[in-house]
>>> print(open('final07.txt').read())   # compact mmCIF, C-alpha atoms
# COMPACT_ATOMS: atom_id res chain seq x y z
CA MET A 1 0.00 0.00 0.00
CA GLY A 2 1.46 3.35 -1.03
CA TYR A 3 1.79 6.45 1.13
CA TYR A 4 2.41 10.17 0.74
CA ASP A 5 5.60 11.40 2.32
CA ASP A 6 5.16 15.06 3.21
CA HIS A 7 8.79 15.34 4.08
CA SER A 8 10.21 13.94 0.85
CA PRO A 9 12.69 16.17 -1.13
CA ALA A 10 10.28 16.59 -4.07
CA THR A 11 7.49 17.81 -1.85
CA ARG A 12 9.73 20.34 -0.13
CA GLN A 13 10.88 21.80 -3.54
CA GLN A 14 7.27 22.32 -4.67
CA LYS A 15 6.42 24.15 -1.46
CA ASN A 16 9.48 26.38 -1.82
CA ARG A 17 8.53 27.26 -5.47
CA ARG A 18 5.03 28.26 -4.43
CA ARG A 19 6.42 30.35 -1.58
CA TYR A 20 8.70 32.37 -3.98
CA MET A 21 6.20 32.73 -6.85
CA MET A 22 3.50 34.45 -4.82
CA PRO A 23 5.56 37.58 -3.98
CA THR A 24 6.71 37.79 -7.62
CA VAL A 25 3.15 37.71 -8.94
CA ILE A 26 2.01 40.25 -6.37
CA GLY A 27 4.97 42.55 -7.30
CA LEU A 28 4.16 42.33 -11.01
CA VAL A 29 0.53 43.22 -10.41
CA LEU A 30 1.40 46.15 -8.18
CA GLY A 31 4.01 47.40 -10.70
CA ALA A 32 1.50 47.31 -13.56
CA VAL A 33 -1.02 49.25 -11.49
CA LEU A 34 1.58 51.89 -10.59
CA VAL A 35 2.65 52.27 -14.23
CA LEU A 36 -0.95 52.77 -15.32
CA LEU A 37 -1.50 55.36 -12.63
CA ALA A 38 1.74 57.25 -13.42
CA LEU A 39 1.47 57.13 -17.24
CA PRO A 40 -0.60 60.34 -17.72
CA ALA A 41 1.82 62.34 -15.59
CA LEU A 42 4.80 60.97 -17.55
CA VAL A 43 3.17 61.90 -20.85
CA GLN A 44 2.50 65.45 -19.70
CA THR A 45 6.07 66.01 -18.47
CA ASN A 46 7.60 64.58 -21.71
CA LEU A 47 9.80 62.20 -19.72
CA LEU A 48 9.07 59.26 -21.98
CA PRO A 49 11.59 58.52 -24.76
CA TYR A 50 8.75 58.14 -27.28
CA ASN A 51 5.56 60.04 -28.16
CA ILE A 52 2.10 58.89 -27.16
CA THR A 53 -0.83 60.40 -29.01
CA VAL A 54 -4.07 60.78 -27.14
CA PRO A 55 -7.33 60.86 -29.07
CA ASP A 56 -9.37 64.01 -28.57
CA GLU A 57 -13.08 63.56 -29.00
CA GLU A 58 -13.66 67.28 -29.44
CA SER A 59 -11.05 67.72 -32.19
CA GLU A 60 -12.50 68.07 -35.64
CA SER A 61 -9.23 67.01 -37.23
CA ILE A 62 -9.42 63.33 -36.17
CA ASP A 63 -9.63 60.86 -38.98
CA GLU A 64 -12.11 58.08 -38.76
CA ASP A 65 -9.26 55.61 -39.23
CA SER A 66 -6.81 57.36 -36.94
CA THR A 67 -6.67 58.32 -33.28
CA THR A 68 -3.86 60.87 -33.76
CA ARG A 69 -4.81 64.51 -33.05
CA SER A 70 -3.30 67.13 -35.39
CA GLU A 71 -3.31 70.81 -34.51
CA GLN A 72 -2.59 73.72 -36.87
CA VAL A 73 -0.27 76.26 -35.24
CA GLU A 74 -0.41 79.86 -36.49
CA TYR A 75 2.11 82.59 -35.55
CA ASP A 76 1.77 86.22 -36.53
CA VAL A 77 5.27 87.48 -37.48
CA ASN A 78 4.02 91.01 -38.03
CA THR A 79 5.28 93.27 -35.25
CA GLN A 80 5.57 97.01 -34.88
CA ILE A 81 9.15 96.84 -36.09
CA THR A 82 8.35 94.84 -39.24
CA GLU A 83 5.51 97.22 -40.05
CA VAL A 84 7.72 100.27 -39.53
CA VAL A 85 10.52 98.84 -41.67
CA GLU A 86 8.09 97.94 -44.46
CA GLU A 87 6.72 101.49 -44.38
CA VAL A 88 10.09 103.31 -44.32
CA THR A 89 12.27 101.13 -46.59
CA PRO A 90 11.02 102.60 -49.91
CA SER A 91 12.30 106.04 -48.81
CA VAL A 92 15.86 104.72 -48.28
CA VAL A 93 17.94 104.60 -51.48
CA GLY A 94 21.36 103.66 -52.74
CA VAL A 95 23.72 106.42 -53.90
CA VAL A 96 26.35 105.57 -56.53
CA ASN A 97 29.41 107.81 -56.97
CA LEU A 98 30.61 107.77 -60.60
CA GLN A 99 33.94 109.38 -61.46
CA ASN A 100 35.61 109.97 -64.81
CA GLN A 101 38.52 107.69 -65.57
CA SER A 102 40.73 108.20 -68.60
CA ASP A 103 41.16 105.25 -70.92
CA PHE A 104 44.75 104.56 -71.99
CA TRP A 105 43.64 104.03 -75.61
CA ASN A 106 40.98 106.71 -75.64
CA SER A 107 41.24 110.31 -74.53
CA GLN A 108 37.57 110.37 -73.56
CA ASN A 109 36.63 110.09 -69.91
CA ASN A 110 34.50 107.10 -69.03
CA PRO A 111 32.50 107.36 -65.78
CA ALA A 112 33.20 104.40 -63.53
CA GLN A 113 31.79 103.51 -60.15
CA ALA A 114 34.03 104.89 -57.41
CA GLY A 115 31.86 104.21 -54.39
CA GLU A 116 28.43 103.40 -53.01
CA GLY A 117 26.47 104.68 -50.08
CA SER A 118 22.94 105.29 -48.90
CA GLY A 119 20.51 108.19 -48.88
CA VAL A 120 17.04 109.17 -47.72
CA ILE A 121 14.26 110.73 -49.79
CA TYR A 122 13.04 113.46 -47.44
CA LYS A 123 10.94 115.64 -49.75
CA THR A 124 9.13 115.83 -53.08
CA GLU A 125 8.10 119.04 -54.78
CA GLY A 126 6.32 118.83 -58.09
CA ASP A 127 8.28 116.49 -60.33
CA THR A 128 11.45 116.75 -58.20
CA ALA A 129 12.51 114.56 -55.31
CA TYR A 130 15.20 115.53 -52.80
CA VAL A 131 17.68 113.11 -51.22
CA VAL A 132 19.99 113.68 -48.26
CA THR A 133 23.19 111.66 -47.99
CA ASN A 134 26.70 112.06 -46.57
CA ASN A 135 29.08 114.50 -48.22
CA HIS A 136 31.86 111.92 -48.28
CA VAL A 137 29.62 109.51 -50.23
CA ILE A 138 29.43 111.84 -53.28
CA GLU A 139 32.80 113.58 -52.86
CA GLY A 140 34.64 113.83 -56.19
CA ALA A 141 31.72 112.48 -58.22
CA SER A 142 31.33 113.52 -61.87
CA GLU A 143 27.97 111.76 -62.06
CA ILE A 144 25.58 110.43 -59.41
CA GLU A 145 22.95 107.73 -59.60
CA VAL A 146 20.22 107.02 -57.07
CA VAL A 147 19.02 103.41 -56.82
CA LEU A 148 15.48 102.93 -55.49
CA PHE A 149 14.42 99.96 -53.33
CA ASP A 150 13.10 98.19 -56.45
CA ASP A 151 16.49 98.61 -58.23
CA THR A 152 15.27 101.46 -60.45
CA ARG A 153 18.23 103.71 -61.27
CA ILE A 154 17.69 107.47 -61.57
CA PRO A 155 20.32 110.10 -62.49
CA ALA A 156 20.72 112.65 -59.71
CA GLU A 157 22.22 116.12 -59.48
CA LEU A 158 24.27 117.43 -56.58
CA ILE A 159 22.77 120.62 -55.15
CA GLY A 160 25.45 121.10 -52.52
CA GLY A 161 27.50 119.51 -49.76
CA ASP A 162 29.07 120.53 -46.45
CA VAL A 163 32.28 118.97 -45.16
CA PHE A 164 31.81 120.02 -41.52
CA THR A 165 28.46 118.29 -41.05
CA ASP A 166 29.16 115.61 -43.68
CA LEU A 167 25.82 116.26 -45.36
CA ALA A 168 24.91 116.61 -49.03
CA VAL A 169 21.63 117.18 -50.88
CA LEU A 170 20.72 115.68 -54.26
CA LYS A 171 17.74 116.21 -56.52
CA MET A 172 16.22 113.88 -59.10
CA SER A 173 12.98 113.04 -60.87
CA SER A 174 10.13 112.06 -58.55
CA GLU A 175 8.35 109.97 -61.21
CA ASP A 176 9.24 106.61 -59.63
CA VAL A 177 9.28 107.77 -56.00
CA THR A 178 6.60 106.09 -53.88
CA LYS A 179 7.61 107.08 -50.37
CA VAL A 180 9.08 110.07 -48.53
CA ALA A 181 10.57 109.71 -45.04
CA GLU A 182 8.67 111.27 -42.17
CA ILE A 183 10.91 113.73 -40.34
CA GLY A 184 11.00 113.21 -36.57
CA SER A 185 12.99 114.94 -33.83
CA SER A 186 16.27 113.95 -32.17
CA GLU A 187 15.83 116.33 -29.22
CA PRO A 188 13.55 114.10 -27.07
CA LEU A 189 15.62 110.93 -27.61
CA LYS A 190 16.36 108.94 -24.48
CA VAL A 191 19.20 106.49 -23.88
CA GLY A 192 17.86 102.95 -24.11
CA GLU A 193 14.98 103.56 -26.50
CA PRO A 194 14.87 101.44 -29.70
CA ALA A 195 16.63 102.61 -32.87
CA ILE A 196 16.54 101.06 -36.35
CA ALA A 197 19.16 101.61 -39.06
CA ILE A 198 18.27 101.06 -42.72
CA GLY A 199 20.82 101.24 -45.53
CA ASN A 200 23.09 99.37 -47.89
CA PRO A 201 26.01 97.90 -45.89
CA LEU A 202 28.90 96.75 -48.08
CA GLY A 203 27.16 98.05 -51.21
CA LEU A 204 23.97 97.52 -53.17
CA ARG A 205 24.20 93.72 -52.90
CA PHE A 206 22.76 94.11 -49.41
CA ALA A 207 20.40 96.97 -50.24
CA GLY A 208 17.68 97.68 -47.70
CA SER A 209 19.44 95.90 -44.85
CA VAL A 210 17.94 96.52 -41.43
CA THR A 211 19.65 96.45 -38.05
CA LYS A 212 18.03 97.13 -34.70
CA GLY A 213 19.50 98.40 -31.45
CA ILE A 214 19.06 101.14 -28.91
CA ILE A 215 20.13 104.73 -28.46
CA SER A 216 23.43 104.36 -26.60
CA GLY A 217 24.09 108.06 -26.11
CA THR A 218 23.01 111.51 -27.23
CA GLN A 219 25.04 114.65 -27.94
CA ARG A 220 28.31 112.76 -28.31
CA ALA A 221 31.24 114.94 -29.48
CA ILE A 222 33.54 113.11 -31.92
CA PRO A 223 36.74 114.89 -33.12
CA GLN A 224 37.25 115.14 -36.88
CA ASP A 225 40.44 115.64 -38.90
CA PHE A 226 39.48 116.69 -42.43
CA ASN A 227 42.94 117.19 -43.95
CA ASN A 228 44.64 114.24 -42.20
CA ASP A 229 47.31 116.45 -40.62
CA GLY A 230 46.85 114.88 -37.21
CA GLN A 231 45.09 117.96 -35.82
CA GLU A 232 41.42 118.09 -34.91
CA ASP A 233 39.50 120.42 -37.21
CA TRP A 234 36.00 119.96 -35.87
CA GLN A 235 33.89 118.09 -33.33
CA ALA A 236 30.82 116.39 -34.73
CA GLU A 237 27.86 116.18 -32.37
CA VAL A 238 26.23 112.83 -33.02
CA ILE A 239 23.81 110.19 -31.76
CA GLN A 240 25.46 106.97 -30.62
CA THR A 241 23.68 103.66 -31.25
CA ASP A 242 24.56 99.97 -31.09
CA ALA A 243 22.54 99.27 -34.25
CA ALA A 244 25.16 98.00 -36.72
CA ILE A 245 26.28 100.73 -39.15
CA ASN A 246 28.80 99.48 -41.70
CA PRO A 247 30.47 100.92 -44.83
CA GLY A 248 27.67 101.57 -47.30
CA ASN A 249 25.25 102.50 -44.51
CA SER A 250 26.60 106.06 -44.68
CA GLY A 251 23.79 108.44 -45.58
CA GLY A 252 21.09 105.94 -44.61
CA ALA A 253 18.26 106.38 -42.13
CA LEU A 254 18.23 106.03 -38.38
CA ILE A 255 14.59 105.84 -37.35
CA ASN A 256 12.66 105.53 -34.12
CA ILE A 257 10.00 102.96 -33.27
CA LYS A 258 7.37 105.21 -34.90
CA GLY A 259 9.20 105.11 -38.23
CA GLN A 260 10.30 108.75 -38.03
CA LEU A 261 13.70 109.88 -39.28
CA ILE A 262 15.82 110.88 -36.28
CA GLY A 263 19.33 110.76 -37.76
CA ILE A 264 21.49 110.36 -40.87
CA ASN A 265 23.96 107.50 -40.42
CA SER A 266 27.63 108.27 -40.97
CA MET A 267 30.58 105.87 -41.02
CA LYS A 268 33.15 108.63 -41.48
CA VAL A 269 32.50 109.96 -37.98
CA ALA A 270 33.89 106.70 -36.55
CA GLN A 271 37.54 106.84 -37.60
CA SER A 272 38.28 103.35 -36.30
CA SER A 273 36.25 100.18 -36.51
CA VAL A 274 34.66 99.57 -33.13
CA GLU A 275 32.16 96.79 -32.68
CA GLY A 276 28.77 97.76 -31.30
CA ILE A 277 29.16 101.52 -31.80
CA GLY A 278 27.60 103.48 -34.64
CA PHE A 279 26.98 107.19 -35.10
CA ALA A 280 24.32 109.29 -36.78
CA ILE A 281 23.93 113.02 -37.39
CA PRO A 282 20.93 114.22 -35.31
CA ILE A 283 18.07 115.26 -37.57
CA ASP A 284 17.42 118.43 -35.55
CA SER A 285 20.89 119.77 -36.35
CA ALA A 286 20.87 118.29 -39.87
CA MET A 287 17.63 119.89 -41.14
CA PRO A 288 18.84 123.53 -41.04
CA ILE A 289 21.94 122.48 -43.01
CA ILE A 290 19.82 120.46 -45.46
CA GLU A 291 17.46 123.39 -46.02
CA GLU A 292 20.36 125.81 -46.56
CA LEU A 293 22.05 123.44 -49.02
CA GLU A 294 18.75 122.98 -50.85
CA LYS A 295 18.26 126.73 -51.06
CA SER A 296 21.74 128.02 -51.91
CA GLY A 297 23.94 124.98 -52.56
CA GLN A 298 26.30 125.85 -49.72
CA VAL A 299 26.38 126.66 -46.02
CA THR A 300 27.18 130.28 -45.29
CA ARG A 301 29.35 130.65 -42.21
CA ALA A 302 30.99 133.56 -40.44
CA PHE A 303 34.68 134.17 -41.21
CA ILE A 304 37.39 135.88 -39.14
CA GLY A 305 40.52 135.28 -41.24
CA VAL A 306 43.18 133.83 -38.94
CA GLU A 307 45.33 130.69 -38.87
CA ALA A 308 45.38 129.79 -35.20
CA TYR A 309 46.28 126.89 -32.91
CA GLY A 310 45.60 126.01 -29.31
CA LEU A 311 48.20 126.82 -26.69
CA ASN A 312 48.18 123.14 -25.75
CA GLU A 313 50.11 122.57 -29.00
CA VAL A 314 52.86 124.99 -27.94
CA PRO A 315 55.59 123.98 -25.44
CA SER A 316 54.92 125.68 -22.12
CA SER A 317 58.43 127.15 -22.19
CA GLU A 318 57.43 129.19 -25.26
CA TRP A 319 54.42 130.69 -23.47
CA GLU A 320 56.68 133.07 -21.53
CA SER A 321 59.75 133.40 -23.74
CA THR A 322 58.03 133.88 -27.13
CA LEU A 323 54.41 134.77 -26.41
CA ASN A 324 55.18 136.68 -23.19
CA LEU A 325 52.09 135.34 -21.46
CA PRO A 326 51.57 136.06 -17.75
CA GLU A 327 51.10 133.17 -15.35
CA GLU A 328 47.36 133.72 -14.96
CA VAL A 329 46.76 132.71 -18.62
CA GLU A 330 46.02 128.98 -18.58
CA GLY A 331 44.81 128.48 -22.14
CA GLY A 332 43.94 130.20 -25.37
CA LEU A 333 44.38 130.34 -29.11
CA TYR A 334 47.57 131.78 -30.55
CA ILE A 335 47.54 133.37 -33.99
CA ARG A 336 50.12 132.08 -36.45
CA SER A 337 49.05 134.24 -39.40
CA VAL A 338 46.38 136.75 -40.41
CA SER A 339 44.86 136.92 -43.91
CA GLN A 340 45.23 140.28 -45.63
CA MET A 341 42.07 142.41 -45.77
CA SER A 342 40.30 139.91 -43.51
CA PRO A 343 38.05 140.94 -40.59
CA ALA A 344 40.88 140.04 -38.18
CA ALA A 345 43.39 142.23 -40.06
CA LYS A 346 40.95 145.14 -40.15
CA ALA A 347 40.45 144.78 -36.40
CA GLY A 348 44.20 145.02 -35.77
CA LEU A 349 44.99 141.41 -34.81
CA GLU A 350 48.57 140.27 -35.50
CA PRO A 351 50.60 137.01 -35.50
CA LEU A 352 51.59 135.83 -31.99
CA ASP A 353 48.54 137.46 -30.43
CA VAL A 354 46.79 135.02 -28.07
CA ILE A 355 42.98 135.02 -28.07
CA THR A 356 41.52 134.03 -24.71
CA GLU A 357 37.84 135.07 -24.94
CA LEU A 358 35.08 135.51 -27.54
CA ASP A 359 32.30 137.80 -26.33
CA GLY A 360 33.48 137.06 -22.79
CA GLU A 361 33.46 133.25 -23.23
CA PRO A 362 36.76 131.31 -22.86
CA VAL A 363 38.31 129.80 -25.98
CA ASN A 364 41.05 127.15 -25.93
CA ASP A 365 41.47 125.81 -29.47
CA ILE A 366 40.42 126.18 -33.08
CA ILE A 367 37.36 123.97 -32.51
CA ASP A 368 36.06 126.36 -29.85
CA LEU A 369 36.53 129.27 -32.28
CA ARG A 370 34.80 127.53 -35.18
CA LYS A 371 31.88 126.25 -33.15
CA TYR A 372 31.29 129.70 -31.69
CA LEU A 373 31.44 131.34 -35.13
CA TYR A 374 29.37 128.69 -36.92
CA ASP A 375 26.75 128.08 -34.23
CA LYS A 376 26.25 131.52 -32.71
CA LYS A 377 27.31 134.05 -35.33
CA ASP A 378 26.33 135.08 -38.83
CA PRO A 379 28.24 137.09 -41.44
CA GLY A 380 27.90 140.78 -40.59
CA ASP A 381 27.70 140.18 -36.82
CA GLU A 382 30.17 141.84 -34.48
CA LEU A 383 32.47 139.74 -32.29
CA GLU A 384 34.35 141.09 -29.27
CA ILE A 385 37.75 139.42 -28.92
CA THR A 386 39.92 139.50 -25.80
CA TYR A 387 43.58 138.78 -26.56
CA TYR A 388 47.11 139.16 -25.15
CA ARG A 389 49.95 140.91 -26.95
CA ASP A 390 53.38 141.15 -25.32
CA GLY A 391 51.84 140.09 -22.04
CA GLU A 392 49.18 142.80 -22.00
CA PRO A 393 45.42 142.13 -22.30
CA ASN A 394 43.52 143.89 -25.08
CA THR A 395 40.07 143.85 -26.64
CA THR A 396 38.94 144.52 -30.19
CA THR A 397 35.71 144.22 -32.13
CA VAL A 398 35.62 142.25 -35.38
CA THR A 399 32.88 142.58 -38.00
CA LEU A 400 32.55 139.06 -39.37
CA ALA A 401 32.56 138.35 -43.11
CA THR A 402 31.31 135.41 -45.18
CA GLN A 403 33.54 132.37 -45.51
CA GLU A 404 34.34 131.78 -49.18
>>> encode(input="final07.txt", output="structure tokens")
Amino acid sequence: MGYYDDHSPATRQQKNRRRYMMPTVIGLVLGAVLVLLALPALVQTNLLPYNITVPDEESESIDEDSTTRSEQVEYDVNTQITEVVEEVTPSVVGVVNLQNQSDFWNSQNNPAQAGEGSGVIYKTEGDTAYVVTNNHVIEGASEIEVVLFDDTRIPAELIGGDVFTDLAVLKMSSEDVTKVAEIGSSEPLKVGEPAIAIGNPLGLRFAGSVTKGIISGTQRAIPQDFNNDGQEDWQAEVIQTDAAINPGNSGGALINIKGQLIGINSMKVAQSSVEGIGFAIPIDSAMPIIEELEKSGQVTRAFIGVEAYGLNEVPSSEWESTLNLPEEVEGGLYIRSVSQMSPAAKAGLEPLDVITELDGEPVNDIIDLRKYLYDKKDPGDELEITYYRDGEPNTTTVTLATQE
């Protein structure tokens, strides 16, 4: 008769298997439940290495044969800046400087392109359009062409230019002109407000290029050396911006967020290439020059008739031995020569005289003299000059003439 041995080796192995399987099964069930509970959160946080599409009953874009939801995303790229640029760009033009070049085989002069820049159409009157650009852009040109935003080329005529402000005015046919720039004001500009530069950097290949930045500074004074003699001849008062202004941008538009012209870009003002710094001639100081050029072809400025230099250019030892200046004189403008029949000669000024005041205001160098004459005086005005001769102070009155 057989019997069941509960303590046999086979029976003990079966019991042990059942004992180990139960926790495994329970763990698998609990794990599946946890995964199902955590799955929505994992989908929302994008932690899964694959995409799970969830059918949306309210979506009208679900196919009958598909449970994948598709959504159409729309983004409006039109901003205030894009609208302003679109509005202003047709008023910004290219300016081509053509100069005669003699052919070796032919005595005739053939105009060839000598340079490119930018300009702004600021006015139309009847069948004539007027363009402002930089004086250095058209300097030496025998012919000038204006290139509109649609590549239409129009012959232009130079009305006049001014080296001190680096401005020039052109006129041309208005037949193809579709837009004139709106003149704004540079006086209320604040540091940090947006600024947009439009022009043709590196030539007409990049015509209508736009850069955006901010106003980095107002009323900056930048020294200028016109004859490359190493001496400052003038100080240009400019707007500083970090909007990129490169060669070819000269003469282009600096506009505010309203699309108004607030400055005329100029590369010549920046003598050295500095990243993140550009300059523009403020429109408030440019417009009187533009209007005078348009009217008479030149800027009429007061003239005194002296060649003079600042005392800071003279060794201090010469102040006493040659100029006989007393110790209380700390600065001034010494006269090297006086033009014959000039206002200075008629007023009795002589070489080695040292001018210290103009109408009671101190003067230290030729820039001070020019800025006082050009900004505050007109031809025909009287100017009281305080000067030293042989160590003695003197005053004289000069009746200013017109600079030729």
>>> atom_distance(input="final07.txt", atom1="atom CA of A:Arg220", atom2="atom CA of A:Gly331")
23.6 Å
>>> closest_residue(input="final07.txt", among="A:Lys212, A:Arg205, A:Arg389, A:Arg301", to="A:Thr322", atoms="all atoms listed in the file")
A:Arg389
>>> closest_residue(input="final07.txt", among="A:Ala236, A:Thr300, A:Ala195, A:Asn364", to="A:Asp378", atoms="only C-alpha atoms")
A:Thr300
>>> atom_distance(input="final07.txt", atom1="atom CA of A:Val191", atom2="atom CA of A:Glu237")
15.5 Å
>>> axis_aligned_box(input="final07.txt", around="stretch 134-143 of chain A", padding_each_side="6 Å", output="AutoDock Vina command-line options")
--center_x 30.7 --center_y 112.0 --center_z -54.3 --size_x 19.9 --size_y 17.0 --size_z 27.5
>>> closest_residue(input="final07.txt", among="A:Asp176, A:Ala114, A:Gly199, A:Asn135", to="A:Val92", atoms="all atoms listed in the file")
A:Gly199
>>> residues_near_point(input="final07.txt", point="(18.5, 99.6, -41.5)", cutoff="6 Å", atoms="only C-alpha atoms", output="ChimeraX atom specification")
/A:196-199,209-211
